[in-house]
>>> print(open('structure_36.tsv').read())   # TSV, C-alpha atoms and all ligand atoms
chain	number	residue	atom	x	y	z
O	1	MET	CA	117.17	116.93	99.31
O	2	ASP	CA	115.89	119.71	101.54
O	3	TRP	CA	114.35	118.25	104.69
O	4	GLU	CA	111.01	120.03	104.27
O	5	ALA	CA	110.78	119.09	100.58
O	6	VAL	CA	110.03	115.54	101.69
O	7	CYS	CA	106.59	116.66	102.89
O	8	CYS	CA	103.79	116.27	100.34
O	9	ARG	CA	101.57	118.75	102.22
O	10	CYS	CA	98.76	116.33	102.91
O	11	GLY	CA	98.07	117.96	106.28
O	12	ARG	CA	97.22	114.73	108.05
O	13	CYS	CA	99.84	115.12	110.76
O	14	CYS	CA	98.07	118.31	111.85
O	15	TYR	CA	95.13	116.34	113.25
O	16	GLU	CA	94.80	115.92	116.98
O	17	LYS	CA	96.28	112.76	118.46
O	18	ILE	CA	95.99	110.84	121.67
O	19	ASP	CA	98.90	109.01	123.25
O	20	PHE	CA	97.58	105.97	125.08
O	21	GLU	CA	100.31	103.99	126.77
O	22	GLY	CA	102.79	104.89	124.05
O	23	GLN	CA	100.48	104.12	121.11
O	24	ILE	CA	99.43	107.17	119.12
O	25	TYR	CA	95.79	107.33	118.03
O	26	TYR	CA	94.71	109.91	115.49
O	27	THR	CA	91.39	111.71	115.82
O	28	ASP	CA	89.38	113.31	113.04
O	29	ILE	CA	89.77	116.74	114.64
O	30	PRO	CA	92.14	119.10	112.79
O	31	CYS	CA	94.34	121.63	114.53
O	32	GLN	CA	92.57	124.98	114.67
O	33	PHE	CA	95.32	126.47	112.49
O	34	LEU	CA	95.12	123.96	109.66
O	35	ASP	CA	93.54	125.46	106.54
O	36	PRO	CA	91.15	122.74	105.33
O	37	ALA	CA	91.24	123.99	101.75
O	38	SER	CA	95.02	123.98	101.26
O	39	ASN	CA	96.02	121.57	104.06
O	40	LEU	CA	98.61	124.14	105.06
O	41	CYS	CA	99.33	125.63	108.44
O	42	GLN	CA	98.08	129.19	108.69
O	43	VAL	CA	100.63	130.16	111.33
O	44	TYR	CA	103.62	128.13	110.17
O	45	ALA	CA	106.32	130.71	110.86
O	46	GLU	CA	105.09	131.30	114.38
O	47	ARG	CA	103.59	127.91	115.18
O	48	ASP	CA	105.80	127.39	118.23
O	49	ILE	CA	104.22	130.46	119.82
O	50	ARG	CA	100.67	130.10	118.54
O	51	ARG	CA	100.43	126.40	119.33
O	52	PRO	CA	103.02	125.28	121.88
O	53	GLY	CA	102.09	121.60	121.46
O	54	CYS	CA	103.00	121.60	117.77
O	55	VAL	CA	105.80	119.07	117.30
O	56	ARG	CA	108.67	120.06	115.01
O	57	LEU	CA	109.67	117.39	112.55
O	58	CYS	CA	113.24	116.25	112.99
O	59	PRO	CA	114.79	112.81	112.51
O	60	GLU	CA	114.36	112.01	116.21
O	61	ASN	CA	110.68	113.02	116.29
O	62	VAL	CA	109.58	111.36	113.07
O	63	ALA	CA	110.68	107.97	114.41
O	64	LYS	CA	108.36	108.26	117.44
O	65	GLY	CA	105.16	107.26	115.66
O	66	PHE	CA	103.38	110.60	115.22
O	67	LEU	CA	103.23	110.45	111.42
O	68	PRO	CA	100.91	108.30	109.29
O	69	ALA	CA	102.56	105.11	108.06
O	70	ASP	CA	102.58	106.28	104.45
O	71	CYS	CA	104.04	109.72	105.18
O	72	PRO	CA	107.22	110.09	103.10
O	73	TYR	CA	109.24	110.88	106.23
O	74	VAL	CA	108.64	107.43	107.69
O	75	VAL	CA	108.14	105.16	104.69
O	76	GLY	CA	111.05	102.76	104.79
O	77	LEU	CA	111.89	103.21	108.47
O	78	ASP	CA	112.51	99.87	110.11
O	79	ASN	CA	110.10	98.97	112.91
O	80	TYR	CA	108.23	102.25	112.62
O	81	PRO	CA	105.54	102.38	115.35
O	82	ALA	CA	102.74	103.61	113.10
O	83	PRO	CA	99.80	105.42	114.70
O	84	ILE	CA	96.26	104.10	114.60
O	85	MET	CA	94.15	106.16	112.19
O	86	PRO	CA	90.49	106.99	112.89
O	87	ASP	CA	89.23	104.94	109.95
O	88	ALA	CA	91.21	101.85	110.99
O	89	ASP	CA	89.20	98.70	111.64
O	90	GLU	CA	88.62	97.89	115.28
O	91	PRO	CA	90.80	95.01	116.48
O	101	LIG	S1	101.78	113.60	107.15
O	101	LIG	FE1	103.83	113.77	106.29
O	101	LIG	S2	103.53	114.38	104.16
O	101	LIG	FE2	101.61	114.81	105.28
O	101	LIG	S3	101.80	116.95	105.93
O	101	LIG	FE3	102.53	115.66	107.61
O	101	LIG	S4	104.76	115.54	107.31
O	101	LIG	FE4	103.85	116.24	105.39
O	102	LIG	S1	100.14	124.76	114.38
O	102	LIG	FE1	101.25	122.84	114.04
O	102	LIG	S2	99.66	121.24	114.16
O	102	LIG	FE2	98.60	123.21	113.85
O	102	LIG	S3	98.33	123.43	111.64
O	102	LIG	FE3	100.24	124.45	112.19
O	102	LIG	S4	101.89	122.92	111.87
O	102	LIG	FE4	99.89	121.84	111.99
>>> encode(input="structure_36.tsv", output="structure tokens")
Amino acid sequence: MDWEAVCCRCGRCCYEKIDFEGQIYYTDIPCQFLDPASNLCQVYAERDIRRPGCVRLCPENVAKGFLPADCPYVVGLDNYPAPIMPDADEP
């Protein structure tokens, strides 16, 4: 299957994140280029230039814990370090 076909276009990985001591925390703030109606990137072809911090999805990157635990790219990965989502219960 084509690598990008795995994505279900939910747009959640385009929300700002904070890395605190190796644990990724999601915020409820979307990237300025995420279209809230379609959940698609409005600058996809040139995202590296328009938003230098945008992380390309590749097998090495998806294993790092940037994607929500139920994202199709990471479902089934052993020991996936899932990020903390903004609606998660406080510990
Ligand atoms: S979280 Fe996963 S399925 Fe959703 S847009 Fe990002 S890569 Fe695609
Ligand atoms: S620039 Fe990157 S983070 Fe922002 S909407 Fe596009 S793909 Fe998502």
>>> atom_distance(input="structure_36.tsv", atom1="atom CA of O:Ala63", atom2="atom CA of O:Asp48")
20.4 Å
>>> residues_near_ligand(input="structure_36.tsv", ligand="ligand LIG 101 (chain O)", cutoff="7 Å", atoms="all atoms listed in the file", output="PyMOL selection string")
chain O and resi 7-14+67-68+71-73
>>> write_last_selection(input="structure_36.tsv", atoms="C-alpha atoms", output="mmCIF file, in the frame of the given file")
data_model
loop_
_atom_site.group_PDB
_atom_site.id
_atom_site.type_symbol
_atom_site.label_atom_id
_atom_site.label_comp_id
_atom_site.auth_asym_id
_atom_site.auth_seq_id
_atom_site.Cartn_x
_atom_site.Cartn_y
_atom_site.Cartn_z
ATOM 1 C CA CYS O 7 106.590 116.660 102.890
ATOM 2 C CA CYS O 8 103.790 116.270 100.340
ATOM 3 C CA ARG O 9 101.570 118.750 102.220
ATOM 4 C CA CYS O 10 98.760 116.330 102.910
ATOM 5 C CA GLY O 11 98.070 117.960 106.280
ATOM 6 C CA ARG O 12 97.220 114.730 108.050
ATOM 7 C CA CYS O 13 99.840 115.120 110.760
ATOM 8 C CA CYS O 14 98.070 118.310 111.850
ATOM 9 C CA LEU O 67 103.230 110.450 111.420
ATOM 10 C CA PRO O 68 100.910 108.300 109.290
ATOM 11 C CA CYS O 71 104.040 109.720 105.180
ATOM 12 C CA PRO O 72 107.220 110.090 103.100
ATOM 13 C CA TYR O 73 109.240 110.880 106.230
#
>>> atom_distance(input="structure_36.tsv", atom1="atom CA of O:Lys17", atom2="atom CA of O:Ile49")
19.4 Å
>>> residues_near_ligand(input="structure_36.tsv", ligand="ligand LIG 102 (chain O)", cutoff="12 Å", atoms="all atoms listed in the file", output="JSON, numbers by chain")
{"O": [7, 9, 10, 11, 12, 13, 14, 15, 16, 17, 29, 30, 31, 32, 33, 34, 35, 36, 38, 39, 40, 41, 42, 43, 44, 45, 46, 47, 48, 49, 50, 51, 52, 53, 54, 55, 56, 57, 66, 67]}
>>> write_last_selection(input="structure_36.tsv", atoms="C-alpha atoms", output="mmCIF file, keeping the file's coordinate frame")
data_model
loop_
_atom_site.group_PDB
_atom_site.id
_atom_site.type_symbol
_atom_site.label_atom_id
_atom_site.label_comp_id
_atom_site.auth_asym_id
_atom_site.auth_seq_id
_atom_site.Cartn_x
_atom_site.Cartn_y
_atom_site.Cartn_z
ATOM 1 C CA CYS O 7 106.590 116.660 102.890
ATOM 2 C CA ARG O 9 101.570 118.750 102.220
ATOM 3 C CA CYS O 10 98.760 116.330 102.910
ATOM 4 C CA GLY O 11 98.070 117.960 106.280
ATOM 5 C CA ARG O 12 97.220 114.730 108.050
ATOM 6 C CA CYS O 13 99.840 115.120 110.760
ATOM 7 C CA CYS O 14 98.070 118.310 111.850
ATOM 8 C CA TYR O 15 95.130 116.340 113.250
ATOM 9 C CA GLU O 16 94.800 115.920 116.980
ATOM 10 C CA LYS O 17 96.280 112.760 118.460
ATOM 11 C CA ILE O 29 89.770 116.740 114.640
ATOM 12 C CA PRO O 30 92.140 119.100 112.790
ATOM 13 C CA CYS O 31 94.340 121.630 114.530
ATOM 14 C CA GLN O 32 92.570 124.980 114.670
ATOM 15 C CA PHE O 33 95.320 126.470 112.490
ATOM 16 C CA LEU O 34 95.120 123.960 109.660
ATOM 17 C CA ASP O 35 93.540 125.460 106.540
ATOM 18 C CA PRO O 36 91.150 122.740 105.330
ATOM 19 C CA SER O 38 95.020 123.980 101.260
ATOM 20 C CA ASN O 39 96.020 121.570 104.060
ATOM 21 C CA LEU O 40 98.610 124.140 105.060
ATOM 22 C CA CYS O 41 99.330 125.630 108.440
ATOM 23 C CA GLN O 42 98.080 129.190 108.690
ATOM 24 C CA VAL O 43 100.630 130.160 111.330
ATOM 25 C CA TYR O 44 103.620 128.130 110.170
ATOM 26 C CA ALA O 45 106.320 130.710 110.860
ATOM 27 C CA GLU O 46 105.090 131.300 114.380
ATOM 28 C CA ARG O 47 103.590 127.910 115.180
ATOM 29 C CA ASP O 48 105.800 127.390 118.230
ATOM 30 C CA ILE O 49 104.220 130.460 119.820
ATOM 31 C CA ARG O 50 100.670 130.100 118.540
ATOM 32 C CA ARG O 51 100.430 126.400 119.330
ATOM 33 C CA PRO O 52 103.020 125.280 121.880
ATOM 34 C CA GLY O 53 102.090 121.600 121.460
ATOM 35 C CA CYS O 54 103.000 121.600 117.770
ATOM 36 C CA VAL O 55 105.800 119.070 117.300
ATOM 37 C CA ARG O 56 108.670 120.060 115.010
ATOM 38 C CA LEU O 57 109.670 117.390 112.550
ATOM 39 C CA PHE O 66 103.380 110.600 115.220
ATOM 40 C CA LEU O 67 103.230 110.450 111.420
#
>>> closest_residue(input="structure_36.tsv", among="O:Thr27, O:Asn61, O:Ala5, O:Asp19", to="O:Asp87", atoms="all atoms listed in the file")
O:Thr27
>>> atom_distance(input="structure_36.tsv", atom1="atom CA of O:Gly22", atom2="atom CA of O:Trp3")
26.2 Å
>>> closest_residue(input="structure_36.tsv", among="O:Val75, O:Glu60, O:Tyr80, O:Met85", to="O:Val6", atoms="only C-alpha atoms")
O:Val75
>>> build_atoms(input="structure_36.tsv", residues="stretch 42-60 of chain O", atoms="N, CA, C and O atoms", output="PDB file, in the frame of the given file")
ATOM      1  N   GLN O  42      98.288 127.757 108.884  1.00  0.00           N
ATOM      2  CA  GLN O  42      98.080 129.190 108.690  1.00  0.00           C
ATOM      3  C   GLN O  42      98.997 130.051 109.562  1.00  0.00           C
ATOM      4  O   GLN O  42      98.994 131.272 109.439  1.00  0.00           O
ATOM      5  N   VAL O  43      99.741 129.405 110.439  1.00  0.00           N
ATOM      6  CA  VAL O  43     100.630 130.160 111.330  1.00  0.00           C
ATOM      7  C   VAL O  43     102.021 129.523 111.336  1.00  0.00           C
ATOM      8  O   VAL O  43     102.722 129.536 112.356  1.00  0.00           O
ATOM      9  N   TYR O  44     102.425 128.977 110.212  1.00  0.00           N
ATOM     10  CA  TYR O  44     103.620 128.130 110.170  1.00  0.00           C
ATOM     11  C   TYR O  44     104.854 128.805 110.776  1.00  0.00           C
ATOM     12  O   TYR O  44     105.570 128.203 111.578  1.00  0.00           O
ATOM     13  N   ALA O  45     105.105 130.044 110.408  1.00  0.00           N
ATOM     14  CA  ALA O  45     106.320 130.710 110.860  1.00  0.00           C
ATOM     15  C   ALA O  45     106.346 130.948 112.360  1.00  0.00           C
ATOM     16  O   ALA O  45     107.412 131.044 112.963  1.00  0.00           O
ATOM     17  N   GLU O  46     105.167 131.028 112.940  1.00  0.00           N
ATOM     18  CA  GLU O  46     105.090 131.300 114.380  1.00  0.00           C
ATOM     19  C   GLU O  46     104.345 130.203 115.128  1.00  0.00           C
ATOM     20  O   GLU O  46     103.767 130.440 116.179  1.00  0.00           O
ATOM     21  N   ARG O  47     104.376 128.995 114.594  1.00  0.00           N
ATOM     22  CA  ARG O  47     103.590 127.910 115.180  1.00  0.00           C
ATOM     23  C   ARG O  47     104.039 127.546 116.590  1.00  0.00           C
ATOM     24  O   ARG O  47     103.224 127.117 117.407  1.00  0.00           O
ATOM     25  N   ASP O  48     105.321 127.721 116.887  1.00  0.00           N
ATOM     26  CA  ASP O  48     105.800 127.390 118.230  1.00  0.00           C
ATOM     27  C   ASP O  48     105.127 128.273 119.282  1.00  0.00           C
ATOM     28  O   ASP O  48     104.896 127.838 120.411  1.00  0.00           O
ATOM     29  N   ILE O  49     104.831 129.509 118.886  1.00  0.00           N
ATOM     30  CA  ILE O  49     104.220 130.460 119.820  1.00  0.00           C
ATOM     31  C   ILE O  49     102.710 130.293 119.827  1.00  0.00           C
ATOM     32  O   ILE O  49     102.085 130.248 120.883  1.00  0.00           O
ATOM     33  N   ARG O  50     102.130 130.163 118.637  1.00  0.00           N
ATOM     34  CA  ARG O  50     100.670 130.100 118.540  1.00  0.00           C
ATOM     35  C   ARG O  50     100.121 128.772 119.055  1.00  0.00           C
ATOM     36  O   ARG O  50      99.004 128.692 119.539  1.00  0.00           O
ATOM     37  N   ARG O  51     100.905 127.713 118.887  1.00  0.00           N
ATOM     38  CA  ARG O  51     100.430 126.400 119.330  1.00  0.00           C
ATOM     39  C   ARG O  51     101.614 125.643 119.943  1.00  0.00           C
ATOM     40  O   ARG O  51     102.302 124.861 119.270  1.00  0.00           O
ATOM     41  N   PRO O  52     101.832 125.854 121.232  1.00  0.00           N
ATOM     42  CA  PRO O  52     103.020 125.280 121.880  1.00  0.00           C
ATOM     43  C   PRO O  52     103.128 123.761 121.749  1.00  0.00           C
ATOM     44  O   PRO O  52     104.221 123.223 121.796  1.00  0.00           O
ATOM     45  N   GLY O  53     102.021 123.053 121.569  1.00  0.00           N
ATOM     46  CA  GLY O  53     102.090 121.600 121.460  1.00  0.00           C
ATOM     47  C   GLY O  53     102.479 121.096 120.074  1.00  0.00           C
ATOM     48  O   GLY O  53     102.634 119.895 119.874  1.00  0.00           O
ATOM     49  N   CYS O  54     102.647 121.999 119.123  1.00  0.00           N
ATOM     50  CA  CYS O  54     103.000 121.600 117.770  1.00  0.00           C
ATOM     51  C   CYS O  54     104.412 121.006 117.761  1.00  0.00           C
ATOM     52  O   CYS O  54     105.363 121.642 118.211  1.00  0.00           O
ATOM     53  N   VAL O  55     104.521 119.784 117.263  1.00  0.00           N
ATOM     54  CA  VAL O  55     105.800 119.070 117.300  1.00  0.00           C
ATOM     55  C   VAL O  55     106.590 119.346 116.026  1.00  0.00           C
ATOM     56  O   VAL O  55     106.102 119.120 114.920  1.00  0.00           O
ATOM     57  N   ARG O  56     107.788 119.836 116.165  1.00  0.00           N
ATOM     58  CA  ARG O  56     108.670 120.060 115.010  1.00  0.00           C
ATOM     59  C   ARG O  56     109.157 118.724 114.470  1.00  0.00           C
ATOM     60  O   ARG O  56     109.498 117.819 115.226  1.00  0.00           O
ATOM     61  N   LEU O  57     109.185 118.619 113.156  1.00  0.00           N
ATOM     62  CA  LEU O  57     109.670 117.390 112.550  1.00  0.00           C
ATOM     63  C   LEU O  57     111.190 117.408 112.456  1.00  0.00           C
ATOM     64  O   LEU O  57     111.763 118.301 111.859  1.00  0.00           O
ATOM     65  N   CYS O  58     111.801 116.448 113.082  1.00  0.00           N
ATOM     66  CA  CYS O  58     113.240 116.250 112.990  1.00  0.00           C
ATOM     67  C   CYS O  58     113.440 114.740 112.977  1.00  0.00           C
ATOM     68  O   CYS O  58     112.505 113.986 113.294  1.00  0.00           O
ATOM     69  N   PRO O  59     114.598 114.262 112.603  1.00  0.00           N
ATOM     70  CA  PRO O  59     114.790 112.810 112.510  1.00  0.00           C
ATOM     71  C   PRO O  59     114.419 112.076 113.809  1.00  0.00           C
ATOM     72  O   PRO O  59     113.871 110.977 113.758  1.00  0.00           O
ATOM     73  N   GLU O  60     114.687 112.677 114.942  1.00  0.00           N
ATOM     74  CA  GLU O  60     114.360 112.010 116.210  1.00  0.00           C
ATOM     75  C   GLU O  60     112.841 111.925 116.388  1.00  0.00           C
ATOM     76  O   GLU O  60     112.309 110.896 116.799  1.00  0.00           O
TER      77      GLU O  60
END
